[in-house]
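Chemist: Here you go, one structure.
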Amino acid sequence: MKYRLAIFDSDGTLADTLPWMRSVFNELAEEHGFRRVEPHDYERFRDLHGTAVLRELGLPLWKLPRVVSSMRRRMSEHTGTLSLFAGTSEVLQRLAARGFQLAVVSSNSRENVERVLGVNNAVLIAHFACGVSVLGKAARLLQVIRRSAVRRPEAIYIGDEIRDAEAAGKAGIAFWRGDMGPPPTGNPLQPKSGGDVYDGSRNCR
């Protein structure tokens with residue numbers, strides 16, 4: 001069965017925004033009173049479950065919306081300096097031309113996501129579900145699937161963190177991990193045998 005709906009995370013998947021986020025992270029830690037992060041910790045945190053990250057940071061769940069809101073606000077002032085990963089526009093255009101419905105499910109604001117995508121890419125996205133709680137992506141994935149009128153086996157979520165994979169698993173859909181990492185030849189989102197979690201990593205351009 002071929003996929004008909006490709007749902008993307010934004011930051012770290014479509015958009016090369018993680019370096020900027022890391023540059024302001026400790027400012028947010030000071031502002032909101034949680035643990036500062038050393039440079040060597042960032043990659044490890046990407047592979048921690050959502051609640052585990054909060055424990056490591058000493059960040060109570062009730063503070064999380066404030067932190068995320070602060071991050072979004074800061075990013076809105078810098079979207080003009082942020083960009084997509086190389087090749088992202090071409091992949092989105094190719095998928096749209098092949099008849100895929102495209103969607104974005106992100107904890108970032110829609111305004112920030114669309115600004116970084118640019119007008120020509122944003123018009124290719126049929127469904128946006130933005131401003132999602134870090135722990136609430138699974139529900140938004142299911143919402144997008146219902147709006148798209150496809151079956152769950154026909155949908156795939158592309159993200160860059162274990163938390164994205166967990167959300168896809170809870171929603172019962174396939175997952176590809178990588179920052180725009182589908183292979184450059186053939187159908188980049190053709191299902192593979194033997195499972196529905198694929199690791200695109202960072203070297204498949």
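Scheme for the structure tokens: letters A, B, ... for chains in order shown; per-chain residue numbers from 1; ligand numbers from 1 in order shown.
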List every residue of segment 58-184 of chain A that DSSP, applied to the backbone of this structure, places in strand (DSSP E), and write the result as a list in words.

Modeler: Gln101, Leu102, Ala103, Val104, Val105, His127, Phe128, Ala129, Ala155, Ile156, Tyr157, Ile158, Gly159, Ala174, Phe175, Trp176, Arg177 and Gly178 of chain A

Chemist: Taking only C-alpha atoms into account, produce a table as JSON lines in which each residue of segment 87-185 of chain A with an atom at most 12 Å from an atom of segment 17-31 of chain A appears once, together with its shortest atom pair and the distance in Å to one decimal, ordered by chain and rising number.

Modeler:
```
{"residue": "A:Asn108", "atom": "CA", "partner": "A:Thr17", "partner_atom": "CA", "distance": 11.0}
{"residue": "A:Asn112", "atom": "CA", "partner": "A:Thr17", "partner_atom": "CA", "distance": 10.8}
{"residue": "A:Val113", "atom": "CA", "partner": "A:Thr17", "partner_atom": "CA", "distance": 10.5}
{"residue": "A:Val116", "atom": "CA", "partner": "A:Thr17", "partner_atom": "CA", "distance": 9.2}
{"residue": "A:Leu117", "atom": "CA", "partner": "A:Thr17", "partner_atom": "CA", "distance": 11.5}
{"residue": "A:Asp160", "atom": "CA", "partner": "A:Leu18", "partner_atom": "CA", "distance": 10.7}
{"residue": "A:Glu161", "atom": "CA", "partner": "A:Leu18", "partner_atom": "CA", "distance": 11.7}
{"residue": "A:Asp179", "atom": "CA", "partner": "A:Leu18", "partner_atom": "CA", "distance": 10.9}
```

Chemist: Enter the distance from atom CA of Lys137 of chain A to atom CA of Val105 of chain A, in Å, rounded to one decimal.

Modeler: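 So the two atoms, atom CA of Lys137 of chain A and atom CA of Val105 of chain A, lie 7.2 Å apart.
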
Chemist: Can you tell me how far atom CA of Gly169 of chain A sits from atom CA of Asp47 of chain A, in Å to one decimal?

Modeler: 15.2 Å

Chemist: Could you tell me which of A:Arg4, A:Thr79, A:Val144, A:Leu48 comes closest to Leu95 of chain A if we count only C-alpha atoms?

Modeler: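 So, comparing all the options, the nearest one is A:Arg4.
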
Chemist: Mind checking which residues fall within 9 Å of Pro60 of chain A, counting only C-alpha atoms, ignoring those fewer than 5 positions away in the same chain, and posting them as a ChimeraX atom specification?

Modeler: /A:34,54-55

Chemist: Could you give me, as a PDB file with C-alpha atoms, in the first residue's frame, the residues within 10 Å of Asp16 of chain A, counting only C-alpha atoms and dropping anything in the same chain fewer than 5 positions from it?

Modeler:
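Output (selection-v4.pdb):
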```pdb
ATOM      1  CA  SER A  10       8.758  21.323  11.530  1.00  0.00           C
ATOM      2  CA  ASP A  11      11.732  22.216  13.741  1.00  0.00           C
ATOM      3  CA  MET A  21      16.825  27.114  19.571  1.00  0.00           C
ATOM      4  CA  LEU A  82      15.990  30.897   9.775  1.00  0.00           C
ATOM      5  CA  SER A  83      15.814  28.537   6.822  1.00  0.00           C
ATOM      6  CA  LEU A  84      14.725  25.108   5.645  1.00  0.00           C
ATOM      7  CA  PHE A  85      17.169  22.249   5.259  1.00  0.00           C
ATOM      8  CA  ALA A  86      18.718  22.051   1.814  1.00  0.00           C
ATOM      9  CA  VAL A 116      10.158  29.622   7.618  1.00  0.00           C
ATOM     10  CA  ASP A 179      15.831  15.780   8.895  1.00  0.00           C
TER      11      ASP A 179
END
```

Chemist: Of the candidates A:Thr13, A:Thr51, A:Asn121, A:Ser133, which shows the shortest atom-to-atom distance to Arg94 of chain A, using only C-alpha atoms?

Modeler: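 Nearest to Arg94 of chain A: A:Asn121.
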
Chemist: Taking only C-alpha atoms into account, name the residue in A:Tyr157, A:Leu57, A:Ala52, A:Phe45 that is nearest to Gly33 of chain A.

Modeler: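 For Gly33 of chain A, the nearest of the candidates is A:Leu57.
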
Chemist: Skipping near chain neighbours, those fewer than 2 positions away, what residues fall within 12 Å of segment 109-111 of chain A using only C-alpha atoms, listed as a count of residues only?

Modeler: 35

Chemist: Do you have the atom CA of Gln101 of chain A-atom CA of Leu5 of chain A distance handy?

Modeler: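 Going from atom CA of Gln101 of chain A over to atom CA of Leu5 of chain A covers 4.7 Å.
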
Chemist: Please give the complete set of residues from segment 9-112 of chain A that DSSP, run on the backbone, assigns to alpha helix (DSSP H), formatted as a PyMOL selection string.

Modeler: chain A and resi 18-32+42-46+50-57+64-76+88-97+110-112

Chemist: With only C-alpha atoms as the basis for distance, which of A:Ala167, A:Leu92, A:Val150, A:Ile162 is at the shortest distance from Glu43 of chain A?

Modeler: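 Selected residue with least distance to Glu43 of chain A: A:Ile162.
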